[in-house]
$ cat protein18.csv   # CSV, C-alpha atoms
chain,number,residue,atom,x,y,z
O,1,MET,CA,-86.5,-227.8,23.9
O,2,ALA,CA,-82.7,-228.3,23.6
O,3,LYS,CA,-80.6,-225.8,25.4
O,4,PRO,CA,-78.6,-223.6,22.9
O,5,PHE,CA,-74.9,-224.3,22.7
O,6,VAL,CA,-72.7,-221.7,24.4
O,7,PRO,CA,-69.0,-222.2,23.8
O,8,GLU,CA,-67.2,-223.1,27.0
O,9,ILE,CA,-63.7,-222.1,27.6
O,10,ARG,CA,-62.4,-225.6,28.3
O,11,GLU,CA,-63.7,-226.7,24.9
O,12,ILE,CA,-61.4,-224.2,23.3
O,13,VAL,CA,-58.3,-224.4,25.6
O,14,ASN,CA,-57.1,-226.5,28.4
O,15,THR,CA,-55.9,-223.9,30.8
O,16,PRO,CA,-57.9,-220.6,30.6
O,17,LEU,CA,-56.4,-217.6,32.2
O,18,LEU,CA,-59.4,-215.3,31.6
O,19,GLN,CA,-62.9,-216.7,31.4
O,20,ILE,CA,-66.0,-214.6,30.7
O,21,GLU,CA,-69.5,-216.0,30.9
O,22,ASN,CA,-72.7,-214.3,30.0
O,23,LEU,CA,-71.3,-210.8,30.5
O,24,ASN,CA,-73.9,-208.0,30.2
O,25,VAL,CA,-73.1,-204.2,30.4
O,26,SER,CA,-75.7,-201.6,30.1
O,27,PHE,CA,-76.1,-197.8,30.7
O,28,PRO,CA,-79.2,-196.0,31.9
O,29,THR,CA,-80.3,-193.1,29.7
O,30,GLN,CA,-83.2,-190.7,29.5
O,31,THR,CA,-84.9,-192.9,27.0
O,32,GLY,CA,-84.3,-196.2,28.8
O,33,GLU,CA,-81.6,-198.8,29.4
O,34,VAL,CA,-79.0,-199.2,26.6
O,35,ALA,CA,-77.2,-202.5,26.3
O,36,ALA,CA,-73.6,-202.1,25.3
O,37,VAL,CA,-72.6,-205.8,25.8
O,38,ARG,CA,-75.1,-208.7,25.6
O,39,ASP,CA,-74.6,-212.2,26.9
O,40,LEU,CA,-70.9,-212.3,26.0
O,41,SER,CA,-68.8,-215.4,26.6
O,42,PHE,CA,-65.2,-216.2,25.7
O,43,SER,CA,-61.9,-217.2,27.1
O,44,ILE,CA,-58.2,-216.6,26.7
O,45,ALA,CA,-55.6,-219.3,27.4
O,46,GLU,CA,-52.3,-218.7,29.1
O,47,ALA,CA,-50.0,-217.2,26.5
O,48,GLY,CA,-53.0,-217.2,24.0
O,49,THR,CA,-54.3,-214.2,22.0
O,50,LEU,CA,-57.9,-213.4,21.2
O,51,GLY,CA,-58.7,-210.8,18.6
O,52,LEU,CA,-62.0,-208.9,19.4
O,53,VAL,CA,-63.2,-207.3,16.2
O,54,GLY,CA,-66.1,-205.0,15.4
O,55,GLU,CA,-67.1,-201.6,14.3
O,56,SER,CA,-67.2,-198.6,16.6
O,57,GLY,CA,-70.0,-198.9,19.2
O,58,SER,CA,-70.1,-202.7,19.0
O,59,GLY,CA,-69.1,-203.1,22.7
O,60,LYS,CA,-65.4,-203.9,22.4
O,61,SER,CA,-64.0,-201.2,24.7
O,62,ALA,CA,-66.9,-201.7,27.1
O,63,THR,CA,-65.8,-205.3,27.4
O,64,ALA,CA,-62.2,-204.3,28.1
O,65,LEU,CA,-63.2,-201.7,30.7
O,66,ALA,CA,-65.5,-204.3,32.4
O,67,ILE,CA,-62.5,-206.6,32.8
O,68,MET,CA,-60.4,-203.8,34.2
O,69,ARG,CA,-63.3,-202.6,36.4
O,70,LEU,CA,-63.0,-199.1,34.9
O,71,LEU,CA,-66.6,-198.7,33.8
O,72,PRO,CA,-68.3,-195.4,34.9
O,73,PRO,CA,-70.3,-195.7,38.1
O,74,GLN,CA,-73.7,-195.6,36.4
O,75,ALA,CA,-72.9,-198.7,34.3
O,76,ARG,CA,-74.7,-201.9,35.2
O,77,LEU,CA,-72.8,-205.2,34.9
O,78,SER,CA,-73.9,-208.8,35.3
O,79,GLY,CA,-72.2,-212.1,34.5
O,80,ARG,CA,-68.9,-213.7,35.5
O,81,ILE,CA,-65.3,-212.5,34.8
O,82,ARG,CA,-62.8,-215.0,36.2
O,83,PHE,CA,-59.1,-214.2,36.0
O,84,SER,CA,-57.0,-217.1,37.1
O,85,ASP,CA,-58.7,-218.1,40.4
O,86,GLU,CA,-60.2,-214.6,41.0
O,87,ASP,CA,-63.8,-213.5,40.4
O,88,LEU,CA,-63.1,-209.9,39.3
O,89,PRO,CA,-66.5,-208.2,39.8
O,90,SER,CA,-66.8,-209.4,43.4
O,91,LEU,CA,-63.3,-208.4,44.5
O,92,PRO,CA,-62.9,-205.5,47.0
O,93,GLU,CA,-61.5,-202.4,45.3
O,94,ASP,CA,-58.1,-202.7,47.1
O,95,SER,CA,-57.7,-206.3,45.8
O,96,MET,CA,-58.7,-205.2,42.3
O,97,ARG,CA,-56.2,-202.3,42.4
O,98,ARG,CA,-53.4,-204.8,43.2
O,99,ILE,CA,-54.3,-206.8,40.0
O,100,ARG,CA,-54.9,-203.8,37.7
O,101,GLY,CA,-51.6,-202.6,36.3
O,102,ALA,CA,-49.7,-205.6,37.7
O,103,ARG,CA,-51.3,-208.8,36.6
O,104,ILE,CA,-53.6,-207.3,34.1
O,105,SER,CA,-52.5,-204.3,32.1
O,106,MET,CA,-54.2,-202.2,29.3
O,107,ILE,CA,-52.9,-200.2,26.4
O,108,PHE,CA,-55.5,-197.5,25.8
O,109,GLN,CA,-56.7,-196.3,22.4
O,110,GLU,CA,-55.1,-192.8,22.1
O,111,PRO,CA,-51.8,-192.3,23.9
O,112,MET,CA,-51.9,-188.5,23.6
O,113,THR,CA,-55.0,-188.4,25.8
O,114,ALA,CA,-54.0,-191.4,28.0
O,115,LEU,CA,-50.6,-189.9,28.9
O,116,ASN,CA,-50.5,-187.0,31.3
O,117,PRO,CA,-49.3,-184.0,29.2
O,118,VAL,CA,-47.5,-182.3,32.2
O,119,MET,CA,-45.5,-185.3,33.4
O,120,ARG,CA,-42.4,-186.6,31.9
O,121,VAL,CA,-43.1,-190.0,30.3
O,122,GLY,CA,-40.4,-191.7,32.4
O,123,ASP,CA,-42.1,-190.5,35.6
O,124,GLN,CA,-45.4,-191.9,34.3
O,125,VAL,CA,-43.9,-195.3,33.7
O,126,ALA,CA,-42.1,-195.2,37.1
O,127,GLU,CA,-45.4,-194.3,38.8
O,128,ALA,CA,-46.9,-197.6,37.5
O,129,ILE,CA,-44.0,-199.5,39.1
O,130,LEU,CA,-44.1,-197.6,42.4
O,131,ALA,CA,-47.9,-198.3,42.7
O,132,HIS,CA,-47.2,-202.0,43.0
O,133,PHE,CA,-43.7,-202.4,44.3
O,134,SER,CA,-41.8,-201.0,47.3
O,135,LEU,CA,-38.7,-199.8,45.4
O,136,SER,CA,-36.6,-196.7,45.7
O,137,ARG,CA,-37.1,-194.0,43.0
O,138,GLN,CA,-33.7,-194.8,41.6
O,139,ASP,CA,-34.5,-198.4,41.2
O,140,ALA,CA,-37.9,-197.5,39.7
O,141,TRP,CA,-36.2,-195.1,37.3
O,142,ARG,CA,-33.7,-197.8,36.3
O,143,ARG,CA,-36.5,-200.2,35.5
O,144,THR,CA,-38.3,-197.5,33.6
O,145,VAL,CA,-35.3,-196.9,31.3
O,146,GLU,CA,-35.0,-200.6,30.8
O,147,ALA,CA,-38.7,-200.9,29.8
O,148,LEU,CA,-38.4,-198.1,27.3
O,149,GLY,CA,-35.4,-199.7,25.8
O,150,GLU,CA,-37.2,-203.0,25.5
O,151,VAL,CA,-39.9,-201.4,23.3
O,152,ALA,CA,-37.2,-200.1,21.0
O,153,ILE,CA,-37.3,-196.4,22.0
O,154,PRO,CA,-33.9,-194.9,20.9
O,155,ASP,CA,-31.8,-193.3,23.7
O,156,PRO,CA,-34.3,-194.3,26.4
O,157,GLU,CA,-32.5,-192.4,29.2
O,158,GLN,CA,-33.0,-189.2,27.3
O,159,ARG,CA,-36.5,-190.0,26.0
O,160,ALA,CA,-37.7,-190.8,29.5
O,161,ARG,CA,-37.1,-187.1,30.4
O,162,ASP,CA,-39.3,-185.9,27.6
O,163,TYR,CA,-43.0,-184.8,27.8
O,164,PRO,CA,-45.6,-186.6,25.6
O,165,HIS,CA,-45.8,-183.7,23.1
O,166,GLN,CA,-42.1,-184.0,22.4
O,167,LEU,CA,-42.5,-187.6,21.1
O,168,SER,CA,-43.8,-188.9,17.8
O,169,GLY,CA,-47.1,-190.8,17.7
O,170,GLY,CA,-45.2,-194.1,17.4
O,171,GLN,CA,-43.0,-193.3,20.3
O,172,ARG,CA,-45.9,-192.3,22.5
O,173,GLN,CA,-47.6,-195.7,21.7
O,174,ARG,CA,-44.3,-197.4,22.6
O,175,VAL,CA,-44.4,-195.6,25.9
O,176,MET,CA,-47.9,-196.9,26.5
O,177,ILE,CA,-46.7,-200.4,25.8
O,178,ALA,CA,-43.7,-200.0,28.1
O,179,MET,CA,-46.0,-198.7,30.9
O,180,ALA,CA,-48.3,-201.7,30.4
O,181,LEU,CA,-45.5,-204.3,30.3
O,182,VAL,CA,-43.1,-202.9,33.0
O,183,ASN,CA,-44.7,-205.0,35.8
O,184,HIS,CA,-44.7,-208.1,33.6
O,185,PRO,CA,-48.5,-208.8,33.6
O,186,GLN,CA,-50.1,-212.1,32.8
O,187,LEU,CA,-52.8,-210.6,30.6
O,188,LEU,CA,-52.4,-207.6,28.3
O,189,ILE,CA,-55.5,-205.8,26.9
O,190,ALA,CA,-54.6,-203.8,23.8
O,191,ASP,CA,-57.4,-201.5,22.8
O,192,GLU,CA,-56.9,-200.3,19.2
O,193,PRO,CA,-53.2,-199.9,19.7
O,194,THR,CA,-52.5,-199.0,16.1
O,195,THR,CA,-55.2,-196.4,15.6
O,196,ALA,CA,-54.1,-193.2,13.9
O,197,LEU,CA,-50.6,-194.6,13.1
O,198,ASP,CA,-49.4,-194.8,9.5
O,199,VAL,CA,-49.0,-198.3,8.0
O,200,THR,CA,-45.2,-198.5,8.6
O,201,ILE,CA,-45.4,-197.6,12.3
O,202,GLN,CA,-48.5,-199.8,12.6
O,203,ALA,CA,-46.4,-202.8,11.3
O,204,GLN,CA,-43.6,-202.0,13.8
O,205,ILE,CA,-46.1,-201.8,16.7
O,206,LEU,CA,-47.7,-205.2,15.7
O,207,ASP,CA,-44.2,-206.8,15.4
O,208,LEU,CA,-43.3,-205.4,18.8
O,209,LEU,CA,-46.5,-206.7,20.5
O,210,SER,CA,-45.8,-210.2,18.9
O,211,SER,CA,-42.2,-210.2,20.2
O,212,VAL,CA,-43.0,-209.2,23.7
O,213,ARG,CA,-45.9,-211.6,23.9
O,214,GLU,CA,-43.5,-214.5,22.9
O,215,LYS,CA,-40.8,-213.2,25.2
O,216,TYR,CA,-43.0,-213.0,28.3
O,217,ARG,CA,-45.5,-215.6,27.4
O,218,LEU,CA,-48.3,-213.0,27.7
O,219,ALA,CA,-52.0,-213.7,27.2
O,220,MET,CA,-53.5,-210.9,25.1
O,221,LEU,CA,-56.9,-209.5,24.3
O,222,PHE,CA,-56.3,-207.5,21.1
O,223,ILE,CA,-59.2,-205.1,20.2
O,224,SER,CA,-59.5,-203.7,16.7
O,225,HIS,CA,-62.0,-202.8,14.0
O,226,ASP,CA,-59.6,-204.1,11.4
O,227,LEU,CA,-59.7,-207.9,10.7
O,228,GLY,CA,-56.5,-207.6,8.7
O,229,VAL,CA,-54.6,-206.3,11.7
O,230,VAL,CA,-56.1,-208.9,14.0
O,231,SER,CA,-55.1,-211.7,11.6
O,232,ARG,CA,-51.4,-210.8,12.2
O,233,VAL,CA,-51.4,-211.2,16.0
O,234,ALA,CA,-54.3,-213.4,17.1
O,235,ASP,CA,-54.8,-217.1,17.5
O,236,GLN,CA,-58.6,-216.9,18.0
O,237,VAL,CA,-61.0,-214.2,16.6
O,238,ALA,CA,-64.3,-213.1,18.1
O,239,VAL,CA,-66.4,-210.8,15.9
O,240,MET,CA,-68.8,-208.4,17.7
O,241,TYR,CA,-71.8,-206.6,16.4
O,242,ALA,CA,-74.4,-204.6,18.4
O,243,GLY,CA,-72.9,-205.8,21.7
O,244,GLU,CA,-72.8,-209.5,21.1
O,245,ILE,CA,-70.4,-212.0,19.6
O,246,VAL,CA,-71.8,-213.1,16.2
O,247,GLU,CA,-68.9,-215.4,15.2
O,248,MET,CA,-65.9,-216.9,16.9
O,249,GLY,CA,-63.1,-219.3,16.0
O,250,GLY,CA,-59.6,-219.8,14.8
O,251,VAL,CA,-58.1,-217.1,12.6
O,252,GLU,CA,-57.6,-219.3,9.6
O,253,ARG,CA,-61.1,-220.8,9.9
O,254,ILE,CA,-62.8,-217.3,10.2
O,255,PHE,CA,-61.0,-216.0,7.1
O,256,SER,CA,-61.4,-219.1,5.0
O,257,SER,CA,-65.0,-220.0,5.9
O,258,PRO,CA,-66.9,-217.1,7.5
O,259,ALA,CA,-70.4,-218.2,8.5
O,260,HIS,CA,-72.1,-214.9,9.6
O,261,ALA,CA,-73.1,-212.2,7.1
O,262,TYR,CA,-71.4,-209.5,9.1
O,263,THR,CA,-68.1,-211.3,9.1
O,264,HIS,CA,-68.4,-211.8,5.3
O,265,GLY,CA,-68.9,-208.0,5.0
O,266,LEU,CA,-65.9,-207.2,7.2
O,267,ILE,CA,-63.6,-209.5,5.1
O,268,GLY,CA,-65.1,-208.2,1.9
O,269,ALA,CA,-64.4,-204.6,2.9
O,270,ILE,CA,-60.7,-205.2,3.3
O,271,PRO,CA,-59.0,-203.5,0.3
O,272,THR,CA,-56.4,-205.5,-1.6
O,273,LEU,CA,-54.0,-204.9,-4.5
O,274,ARG,CA,-56.7,-206.2,-6.7
O,275,THR,CA,-59.3,-203.6,-5.5
O,276,SER,CA,-60.3,-201.3,-8.3
O,277,ARG,CA,-59.4,-197.7,-7.6
O,278,SER,CA,-62.2,-196.5,-9.9
O,279,GLU,CA,-64.8,-198.2,-7.7
O,280,PRO,CA,-66.0,-197.1,-4.2
O,281,LEU,CA,-64.7,-199.3,-1.4
O,282,ALA,CA,-67.1,-202.0,-0.2
O,283,THR,CA,-69.3,-201.2,2.8
O,284,VAL,CA,-70.7,-203.5,5.4
O,285,GLU,CA,-74.5,-203.8,5.4
O,286,LYS,CA,-76.4,-203.1,8.6
O,287,GLN,CA,-77.6,-206.3,10.3
O,288,ASN,CA,-81.1,-206.1,11.7
O,289,ARG,CA,-81.4,-207.5,15.2
O,290,ARG,CA,-84.2,-210.1,15.5
O,291,ALA,CA,-86.9,-210.1,18.2
O,292,ASN,CA,-85.7,-213.5,19.2
O,293,PRO,CA,-81.9,-213.5,18.8
O,294,ILE,CA,-80.2,-216.5,17.3
O,295,PRO,CA,-78.0,-218.4,19.8
O,296,LEU,CA,-74.3,-218.9,19.2
O,297,THR,CA,-74.1,-222.4,17.8
O,298,GLN,CA,-71.2,-224.6,16.7
O,299,VAL,CA,-71.0,-224.7,12.9
O,300,ALA,CA,-67.7,-226.6,12.7
O,301,PRO,CA,-65.1,-227.9,15.3
O,302,GLY,CA,-63.8,-224.8,17.0
O,303,HIS,CA,-66.1,-222.5,15.1
O,304,TRP,CA,-69.2,-220.8,16.4
O,305,ALA,CA,-71.7,-218.4,14.8
O,306,ARG,CA,-75.1,-216.9,15.2
O,307,VAL,CA,-76.7,-218.3,12.0
O,308,ALA,CA,-80.2,-219.6,11.5
O,309,LYS,CA,-78.9,-222.9,10.1
O,310,ALA,CA,-75.4,-224.2,10.6
O,311,PRO,CA,-73.6,-224.6,7.3
O,312,GLN,CA,-71.9,-227.9,6.5
O,313,ALA,CA,-68.2,-227.9,7.6
$ encode --input "protein18.csv" --output "structure tokens"
Amino acid sequence: MAKPFVPEIREIVNTPLLQIENLNVSFPTQTGEVAAVRDLSFSIAEAGTLGLVGESGSGKSATALAIMRLLPPQARLSGRIRFSDEDLPSLPEDSMRRIRGARISMIFQEPMTALNPVMRVGDQVAEAILAHFSLSRQDAWRRTVEALGEVAIPDPEQRARDYPHQLSGGQRQRVMIAMALVNHPQLLIADEPTTALDVTIQAQILDLLSSVREKYRLAMLFISHDLGVVSRVADQVAVMYAGEIVEMGGVERIFSSPAHAYTHGLIGAIPTLRTSRSEPLATVEKQNRRANPIPLTQVAPGHWARVAKAPQA
């Protein structure tokens, strides 16, 4: 029996910065083991961007936390996570701490809960600097103000002395971005960075992420439940459902020729100017998981999906 095709990173890009192979994450519960991530494989090239899309509970954030090694102690992990020439799961904690926040940074979902409410935002950004570099507090503060200015926070010297509750939602998200970028990482993980922002501020944040990615040649893992948002920032898209990737490929290919029913549903649920206001918004039908899961197979050059029969390209 032929071995099912699993997309290898080198078939997608020439120089992978992050390579994940057969990642599994599960959590023990009173009713048994619950798999949050199943046999997940993907890669991100240097200066490339992968959009990881899926509904709540599909395993997107668990994947990000596995990369950062921030899963709770009871989580069980298997598989390979290679960053540059490092195998992240096997690194001693001291070595991982030197990577986390310096070479790999993460923007968390909700800045109001991620930021410390009793610390000035400038002190929190400076703390990220001092954790990795032997600088004076004056030099760290200077870099903090520069970082806040780079993410377009007005009057950064003054705003750095504010507490999180004194800032707007958009400004708090910019502080989170400044904190993630201040040490000039190679890989940025953005976990739902535009959630709870209005569309105007959302567009500004997406433009900001695109500009800093180009400026610093960052690789980025952009996590979202919104395919429309991902299409603006990503080169490649991986669609997750029930803990596994069901489709993966270039942005244009995924939007023009989706192969999996779940991807079809996500695209169909995006409202447009032609959407009738008198009709309810489209919903995505639940996909039943088979007893024998369909392997991820190539349906066209650079395009993989879990489909029973590969469609003609």
$ residues_around --input "protein18.csv" --residues "Glu127 of chain O" --least-positions-apart "3" --cutoff "10 Å" --atoms "only C-alpha atoms" --output "number ranges by chain"
O: 121-124, 130-133, 137, 140-141, 144, 179
$ closest_residue --input "protein18.csv" --among "O:Met68, O:Arg274, O:Met220, O:Gly228" --to "Leu91 of chain O" --atoms "all atoms listed in the file"
O:Met68
$ closest_atom_pairs --input "protein18.csv" --of "segment 139-173 of chain O" --to "segment 183-205 of chain O" --cutoff "12 Å" --atoms "only C-alpha atoms" --output "CSV"
residue,atom,partner,partner_atom,distance
O:Ala140,CA,O:Asn183,CA,10.8
O:Arg143,CA,O:Asn183,CA,9.5
O:Thr144,CA,O:Asn183,CA,10.1
O:Glu146,CA,O:Asn183,CA,11.8
O:Ala147,CA,O:Asn183,CA,9.4
O:Val151,CA,O:Ile205,CA,9.1
O:Ala152,CA,O:Gln204,CA,9.8
O:Ile153,CA,O:Ile205,CA,11.6
O:Ser168,CA,O:Leu197,CA,10.0
O:Gly169,CA,O:Leu197,CA,6.9
O:Gly170,CA,O:Ile201,CA,6.2
O:Gln171,CA,O:Ile201,CA,9.4
O:Arg172,CA,O:Leu197,CA,10.8
O:Gln173,CA,O:Pro193,CA,7.3
$ closest_residue --input "protein18.csv" --among "O:Arg97, O:Met112, O:His303, O:Thr297" --to "Tyr163 of chain O" --atoms "all atoms listed in the file"
O:Met112
$ atom_distance --input "protein18.csv" --atom1 "atom CA of Thr63 of chain O" --atom2 "atom CA of Gly48 of chain O"
17.8 Å
$ closest_residue --input "protein18.csv" --among "O:Ser134, O:Thr113, O:Ser43, O:Ser211" --to "His165 of chain O" --atoms "all atoms listed in the file"
O:Thr113
